[in-house]
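The file query_36.txt comes next; it holds compact mmCIF, C-alpha atoms.
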```
# COMPACT_ATOMS: atom_id res chain seq x y z
CA MET A 204 -14.00 30.64 -18.88
CA LEU A 205 -15.51 27.59 -17.16
CA ARG A 206 -13.15 25.28 -19.05
CA ALA A 207 -10.16 27.35 -17.96
CA CYS A 208 -11.29 27.24 -14.32
CA LEU A 209 -11.75 23.46 -14.48
CA LEU A 210 -8.28 23.01 -15.99
CA LEU A 211 -6.78 25.20 -13.25
CA LEU A 212 -8.58 23.19 -10.55
CA ALA A 213 -7.39 19.91 -12.08
CA TRP A 214 -3.80 21.19 -12.14
CA CYS A 215 -4.03 22.19 -8.48
CA CYS A 216 -5.12 18.66 -7.52
CA LEU A 217 -2.21 16.87 -9.23
CA PRO A 218 0.33 15.32 -6.84
CA LEU A 219 3.83 16.81 -6.76
CA ARG A 220 6.29 14.32 -8.22
CA ALA A 221 10.02 14.77 -8.56
CA ASP A 222 10.01 12.98 -11.94
CA GLN A 223 7.71 15.63 -13.41
CA GLU A 224 9.60 18.74 -12.33
CA GLU A 225 12.04 19.87 -9.69
CA THR A 226 10.11 20.12 -6.47
CA ARG A 227 10.75 23.45 -4.77
CA ILE A 228 8.79 24.04 -1.56
CA LEU A 229 8.65 27.43 0.14
CA ILE A 230 7.30 27.76 3.69
CA LEU A 231 5.90 31.14 4.68
CA GLY A 232 4.58 32.16 8.08
CA ASP A 233 5.41 33.85 11.36
CA ASN A 234 7.49 32.91 14.40
CA LEU A 235 5.69 29.58 14.86
CA ALA A 236 7.17 28.42 11.55
CA TYR A 237 10.39 30.46 11.77
CA ILE A 238 11.86 28.56 14.73
CA GLY A 239 11.90 25.33 12.75
CA GLY A 240 9.88 22.93 14.88
CA TRP A 241 6.86 21.49 13.10
CA THR A 242 8.31 22.59 9.77
CA VAL A 243 11.32 20.28 10.18
CA TYR A 244 9.13 17.29 11.06
CA VAL A 245 6.99 17.95 7.99
CA GLU A 246 10.11 18.37 5.87
CA SER A 247 11.39 14.99 7.06
CA ALA A 248 8.09 13.37 6.06
CA ILE A 249 8.25 14.99 2.62
CA ARG A 250 11.81 13.76 2.12
CA ALA A 251 10.66 10.24 3.01
CA GLN A 252 8.48 10.22 -0.12
CA LYS A 253 9.76 8.38 -3.19
CA GLY A 254 11.67 10.80 -5.40
CA LEU A 255 11.58 13.72 -2.93
CA ALA A 256 14.64 13.03 -0.76
CA ARG A 257 16.52 15.86 -2.47
CA ALA A 258 13.62 18.26 -2.93
CA VAL A 259 14.55 21.91 -2.39
CA ILE A 260 12.69 22.91 0.77
CA VAL A 261 13.19 26.35 2.32
CA ASN A 262 11.56 27.79 5.43
CA ALA A 263 11.38 31.54 4.80
CA ALA A 264 9.04 32.40 7.68
CA LEU A 265 9.58 35.65 9.56
CA PRO A 266 8.87 36.33 13.27
CA GLY A 267 5.89 38.57 13.95
CA GLU A 268 4.79 38.64 10.30
CA THR A 269 1.18 39.00 9.17
CA SER A 270 -0.69 38.53 5.91
CA SER A 271 -3.09 41.34 6.85
CA GLY A 272 -0.47 44.08 6.89
CA LEU A 273 -1.69 45.21 10.33
CA SER A 274 0.44 46.14 13.31
CA GLU A 275 -0.49 47.32 16.77
CA ALA A 276 0.72 50.68 18.06
CA GLY A 277 3.97 50.29 19.98
CA HIS A 278 4.81 46.87 18.59
CA ALA A 279 8.25 45.71 19.77
CA GLY A 280 8.36 48.64 22.15
CA GLY A 281 7.83 51.00 19.24
CA ALA A 282 11.03 49.86 17.53
CA PHE A 283 9.37 48.60 14.34
CA PRO A 284 5.94 47.56 13.03
CA ARG A 285 5.05 43.96 12.32
CA PRO A 286 6.45 42.80 8.98
CA ASP A 287 3.97 42.30 6.15
CA VAL A 288 4.48 39.26 3.92
CA HIS A 289 3.29 41.23 0.90
CA GLU A 290 6.29 43.53 1.18
CA ARG A 291 8.54 40.60 0.20
CA LEU A 292 6.22 38.04 -1.41
CA ALA A 293 6.86 39.02 -5.05
CA ARG A 294 10.62 38.87 -4.51
CA ALA A 295 10.37 35.50 -2.75
CA LEU A 296 8.35 34.00 -5.60
CA GLU A 297 10.60 35.44 -8.29
CA LEU A 298 13.89 34.45 -6.66
CA PHE A 299 12.96 31.02 -5.27
CA LYS A 300 10.50 29.97 -7.97
CA PRO A 301 8.54 27.51 -5.80
CA THR A 302 6.37 24.75 -7.17
CA LEU A 303 4.55 24.61 -3.82
CA VAL A 304 3.99 27.21 -1.08
CA LEU A 305 2.91 26.28 2.45
CA ALA A 306 1.53 29.42 4.11
CA CYS A 307 0.54 29.61 7.78
CA TYR A 308 -0.75 32.98 8.99
CA GLY A 309 -3.40 34.32 11.33
CA GLY A 310 -1.77 34.04 14.74
CA ASN A 311 -0.58 37.64 14.59
CA ASP A 312 -3.15 39.00 12.15
CA GLY A 313 -5.78 39.66 14.81
CA LEU A 314 -3.21 41.54 16.94
CA TYR A 315 -4.35 39.52 19.99
CA LEU A 316 -7.43 41.74 20.25
CA PRO A 317 -11.17 40.93 20.28
CA ALA A 318 -12.94 40.11 17.04
CA ASP A 319 -13.21 43.11 14.75
CA PRO A 320 -14.71 43.30 11.24
CA ASP A 321 -11.92 45.50 9.89
CA ARG A 322 -9.19 43.17 11.09
CA THR A 323 -11.13 40.17 9.80
CA ARG A 324 -11.48 41.84 6.41
CA ALA A 325 -7.76 42.63 6.34
CA PHE A 326 -6.90 38.98 7.06
CA ARG A 327 -9.19 37.70 4.32
CA GLU A 328 -7.92 40.20 1.77
CA GLY A 329 -4.36 39.35 2.70
CA GLN A 330 -4.98 35.65 2.16
CA LEU A 331 -6.62 36.35 -1.18
CA ARG A 332 -3.64 38.45 -2.29
CA LEU A 333 -1.22 35.72 -1.20
CA HIS A 334 -3.22 33.04 -2.99
CA VAL A 335 -3.42 34.94 -6.27
CA ALA A 336 0.27 35.88 -6.21
CA CYS A 337 1.34 32.25 -5.75
CA VAL A 338 -0.96 30.92 -8.47
CA ARG A 339 0.18 33.61 -10.92
CA ALA A 340 3.79 32.63 -10.15
CA GLY A 341 2.99 29.05 -11.17
CA ALA A 342 2.98 27.56 -7.67
CA LYS A 343 0.40 25.54 -5.81
CA VAL A 344 -0.40 27.10 -2.46
CA VAL A 345 -1.62 25.28 0.64
CA HIS A 346 -3.13 27.51 3.30
CA LEU A 347 -2.65 26.26 6.86
CA THR A 348 -5.20 27.52 9.36
CA PRO A 349 -3.94 29.65 12.30
CA PRO A 350 -2.45 28.04 15.42
CA LEU A 351 -4.29 27.36 18.64
CA PHE A 352 -4.16 29.93 21.42
CA GLY A 353 -4.39 29.43 25.19
CA MET A 354 -4.86 25.64 25.20
CA ASP A 355 -3.34 25.33 28.70
CA LEU A 356 -5.85 27.70 30.29
CA PRO A 357 -8.98 26.34 32.03
CA LYS A 358 -11.06 27.80 29.22
CA PRO A 359 -9.86 28.89 25.74
CA PRO A 360 -9.60 32.71 25.68
CA PRO A 361 -11.60 34.89 23.29
CA TYR A 362 -8.64 35.27 20.93
CA ASP A 363 -8.75 31.57 20.11
CA GLY A 364 -12.30 32.23 18.94
CA VAL A 365 -10.96 34.96 16.65
CA LEU A 366 -8.54 32.43 15.14
CA ASP A 367 -11.41 29.93 14.83
CA GLY A 368 -13.20 32.48 12.68
CA TYR A 369 -10.15 32.93 10.45
CA ALA A 370 -9.84 29.15 10.12
CA GLN A 371 -13.51 28.69 9.25
CA TRP A 372 -13.22 31.27 6.47
CA LEU A 373 -10.19 29.51 4.99
CA VAL A 374 -11.95 26.13 5.09
CA ALA A 375 -14.94 27.72 3.35
CA GLN A 376 -12.69 28.47 0.36
CA ARG A 377 -12.19 24.77 -0.41
CA PRO A 378 -15.16 24.60 -2.82
CA ALA A 379 -13.44 27.34 -4.83
CA GLY A 380 -10.45 25.03 -5.31
CA TRP A 381 -8.28 26.24 -2.43
CA LEU A 382 -6.05 23.69 -0.73
CA VAL A 383 -6.60 24.23 3.01
CA VAL A 384 -5.17 22.22 5.90
CA ASP A 385 -7.12 22.70 9.12
CA ALA A 386 -5.02 21.13 11.85
CA ARG A 387 -6.88 22.84 14.68
CA PRO A 388 -9.45 20.10 15.49
CA GLY A 389 -6.91 17.28 15.37
CA LEU A 390 -4.41 19.26 17.40
CA ARG A 391 -7.02 20.00 20.06
CA GLU A 392 -7.67 16.27 20.37
CA ALA A 393 -3.95 15.51 20.62
CA ILE A 394 -3.46 18.10 23.37
CA ALA A 395 -6.46 16.77 25.31
CA ALA A 396 -5.08 13.23 25.06
CA ALA A 397 -1.65 14.38 26.24
CA LYS A 398 -3.20 16.12 29.24
CA ARG A 399 -5.22 13.02 30.14
CA ALA A 400 -2.03 10.96 30.07
CA ASP A 401 -0.05 13.58 31.98
CA PRO A 402 -1.97 16.30 33.86
CA HIS A 403 1.24 18.36 33.98
CA PHE A 404 1.62 18.46 30.20
CA VAL A 405 1.96 22.02 28.89
CA PHE A 406 1.44 22.71 25.20
CA ALA A 407 2.52 26.37 25.13
CA LYS A 408 3.83 28.23 28.18
CA ASP A 409 3.12 31.62 26.59
CA ASN A 410 -0.27 30.45 25.24
CA LEU A 411 0.96 30.52 21.62
CA ASN A 412 4.42 29.03 21.03
CA PRO A 413 4.44 25.30 21.82
CA GLY A 414 7.32 23.31 23.23
CA PRO A 415 9.08 20.47 21.35
CA GLU A 416 6.30 17.95 21.94
CA GLY A 417 3.71 20.50 20.86
CA HIS A 418 5.56 21.11 17.59
CA TYR A 419 5.55 17.37 16.93
CA GLN A 420 1.81 17.27 17.62
CA MET A 421 1.35 20.15 15.18
CA ALA A 422 3.36 18.34 12.51
CA VAL A 423 1.32 15.14 12.89
CA ALA A 424 -1.97 17.05 12.68
CA ILE A 425 -0.80 18.97 9.60
CA TRP A 426 0.68 15.95 7.84
CA GLY A 427 -2.49 13.91 8.25
CA GLN A 428 -4.27 16.29 5.88
CA LEU A 429 -1.37 17.61 3.79
CA ALA A 430 -0.10 14.23 2.57
CA PRO A 431 -3.32 12.90 1.00
CA MET A 432 -4.08 16.36 -0.35
CA LEU A 433 -0.85 16.29 -2.39
CA GLY A 434 -0.87 12.60 -3.25
CA TRP A 435 1.84 11.64 -0.76
CA LYS A 436 1.97 8.61 1.51
CA THR A 437 0.62 9.45 4.96
CA GLU A 438 2.19 6.54 6.85
CA VAL A 439 5.83 7.59 6.86
CA PRO A 440 8.08 8.04 9.92
CA MET A 441 9.12 11.55 10.84
CA ALA A 442 12.77 12.11 11.69
CA GLU A 443 14.02 10.72 14.98
CA PRO A 444 15.80 13.17 17.35
CA ALA A 445 19.37 12.79 16.01
CA LYS A 446 18.37 13.13 12.36
CA TRP A 447 15.83 15.83 13.24
CA ARG A 448 18.57 18.00 14.79
CA ILE A 449 20.76 17.68 11.69
CA LEU A 450 17.84 18.53 9.44
CA GLN A 451 16.97 21.51 11.65
CA GLN A 452 20.53 22.84 11.39
CA SER A 453 20.34 22.57 7.62
CA SER A 454 16.92 24.24 7.61
CA ILE A 455 18.14 27.18 9.72
CA LEU A 456 21.17 27.77 7.49
CA LEU A 457 18.98 27.81 4.38
CA ARG A 458 16.35 29.94 6.13
CA ASP A 459 18.79 32.66 7.12
CA ALA A 460 20.46 32.68 3.71
CA TRP A 461 17.19 32.94 1.83
CA LEU A 462 15.74 35.59 4.15
CA ALA A 463 18.84 37.68 3.47
CA LYS A 464 18.59 37.07 -0.30
CA ILE A 465 14.89 37.89 -0.47
CA GLY A 466 15.17 40.86 1.86
CA HIS A 467 12.73 42.08 4.52
CA LYS A 468 12.13 44.90 6.99
CA ARG A 469 12.25 42.92 10.24
CA PRO A 470 15.30 43.90 12.39
CA GLY A 471 17.27 41.39 14.41
CA ILE A 472 17.31 38.52 11.88
CA PRO A 473 20.70 36.90 11.20
```

Please render this file's structure as structure tokens.
Amino acid sequence: MLRACLLLLAWCCLPLRADQEETRILILGDNLAYIGGWTVYVESAIRAQKGLARAVIVNAALPGETSSGLSEAGHAGGAFPRPDVHERLARALELFKPTLVLACYGGNDGLYLPADPDRTRAFREGQLRLHVACVRAGAKVVHLTPPLFGMDLPKPPPYDGVLDGYAQWLVAQRPAGWLVVDARPGLREAIAAAKRADPHFVFAKDNLNPGPEGHYQMAVAIWGQLAPMLGWKTEVPMAEPAKWRILQQSSILLRDAWLAKIGHKRPGIP
């Protein structure tokens, strides 16, 4: 049993190389990933790696989705509950057959409410289910810690503390062999530096969804940990605006096509 666990851990630590197998990367998450901001910057950095220019990279994130399966009463005006990634995860893994999954959840999992042991348990169990499903499907999975919340307020609100707790639990799984990117500390520093340079800088007008510069800051903070974790070169340029827009258009076309192919229960998606 110990030998099998060590072999599994060693496999998880191997770098992804295009000359070993076709690299197929699936991005899962909520609206922060769905809109194609930080995900496109990260995609451009992946494609800058030797042998990965033509990697198959699909953003299949879904707005409002959770890994906990929870939804507040009256969500979307009572029109529909929050989507649950586990409703579609098995289909996504079977149809896309990823070699790597990047999963970023937590922002919606706490339902924007104070800390609660039941909601915390649901988030942890949801992450465990996601992790096991990906590994059983033959894919590496990298868990990205939840986004920051309320960084433009004079003092971070309590909900950011809830997300801190989720992030700390994910980081605590690293000794068990989990690949976890915690961009929160680095992103906090980047936001603080931006505000020192420009007191009018706003990271996220609605306290959660950042603007274009914020998405770039997110991508830089994520890439700084993701690249060495997977054996990629860290010092690579991310796409400049003109190329970024073309790559985003491609990403959106693939996203919508794959969301339709996989299927989901979230209304209003093209």

Item to check | Among listed residues A:Leu314, A:Arg324, A:Val335, A:Asn410, nearest A:Ala276 (using only C-alpha atoms) | outcome: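 For A:Ala276, the nearest of the given residues is A:Leu314.
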
Checklist entry - Got a sec: who's within 12 Å of A:Ala325, counting all atoms listed in the file, leaving out chain neighbours fewer than 6 positions off, as a list in words? => result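 Near A:Ala325, the qualifying residues are Thr269, Ser270, Ser271, Gly272, Leu273, Ser274, Asp287, Gly309, Asp312, Gly313, Leu314, Asp319, Leu331, Arg332 and Tyr369 of chain A.
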
Next on the checklist: From the options A:Gly240, A:Gly232, A:Gly267, A:Gly434, which residue's atoms come nearest to A:Ile472, counting all atoms listed in the file?
Outcome noted: A:Gly267

Checklist entry - Got a sec to check which residues sit within 12 Å of (-1.9, 32.7, -9.6), counting all atoms listed in the file, and write them as a ChimeraX atom specification? => result /A:208,211-212,214-215,293,296,302-304,331-344,381

Next on the checklist: Considering all atoms listed in the file, can you say which of A:Ala256, A:Phe283, A:Val383, A:Leu231 comes closest to A:Ala430?
Outcome noted: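 The closest residue to A:Ala430 is A:Val383.
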
Next on the checklist: I'd like the neighbourhood of A:Glu392 as a ChimeraX atom specification, where a residue qualifies if any of its atoms comes within 12 Å (using only C-alpha atoms), though same-chain residues fewer than 4 positions away should be ignored.
Outcome noted: /A:351,354,386-388,396-399,420-421,423-424

Item to check | Using all atoms listed in the file: which of A:Glu246, A:Ala264, A:Ala251, A:Gln428 has the shortest distance to A:Gly466 | outcome: A:Ala264

Next on the checklist: Just checking: using all atoms listed in the file, which residue out of A:Lys446, A:Lys300, A:Arg469, A:Lys436 ends up closest to A:Lys253?
Outcome noted: A:Lys436
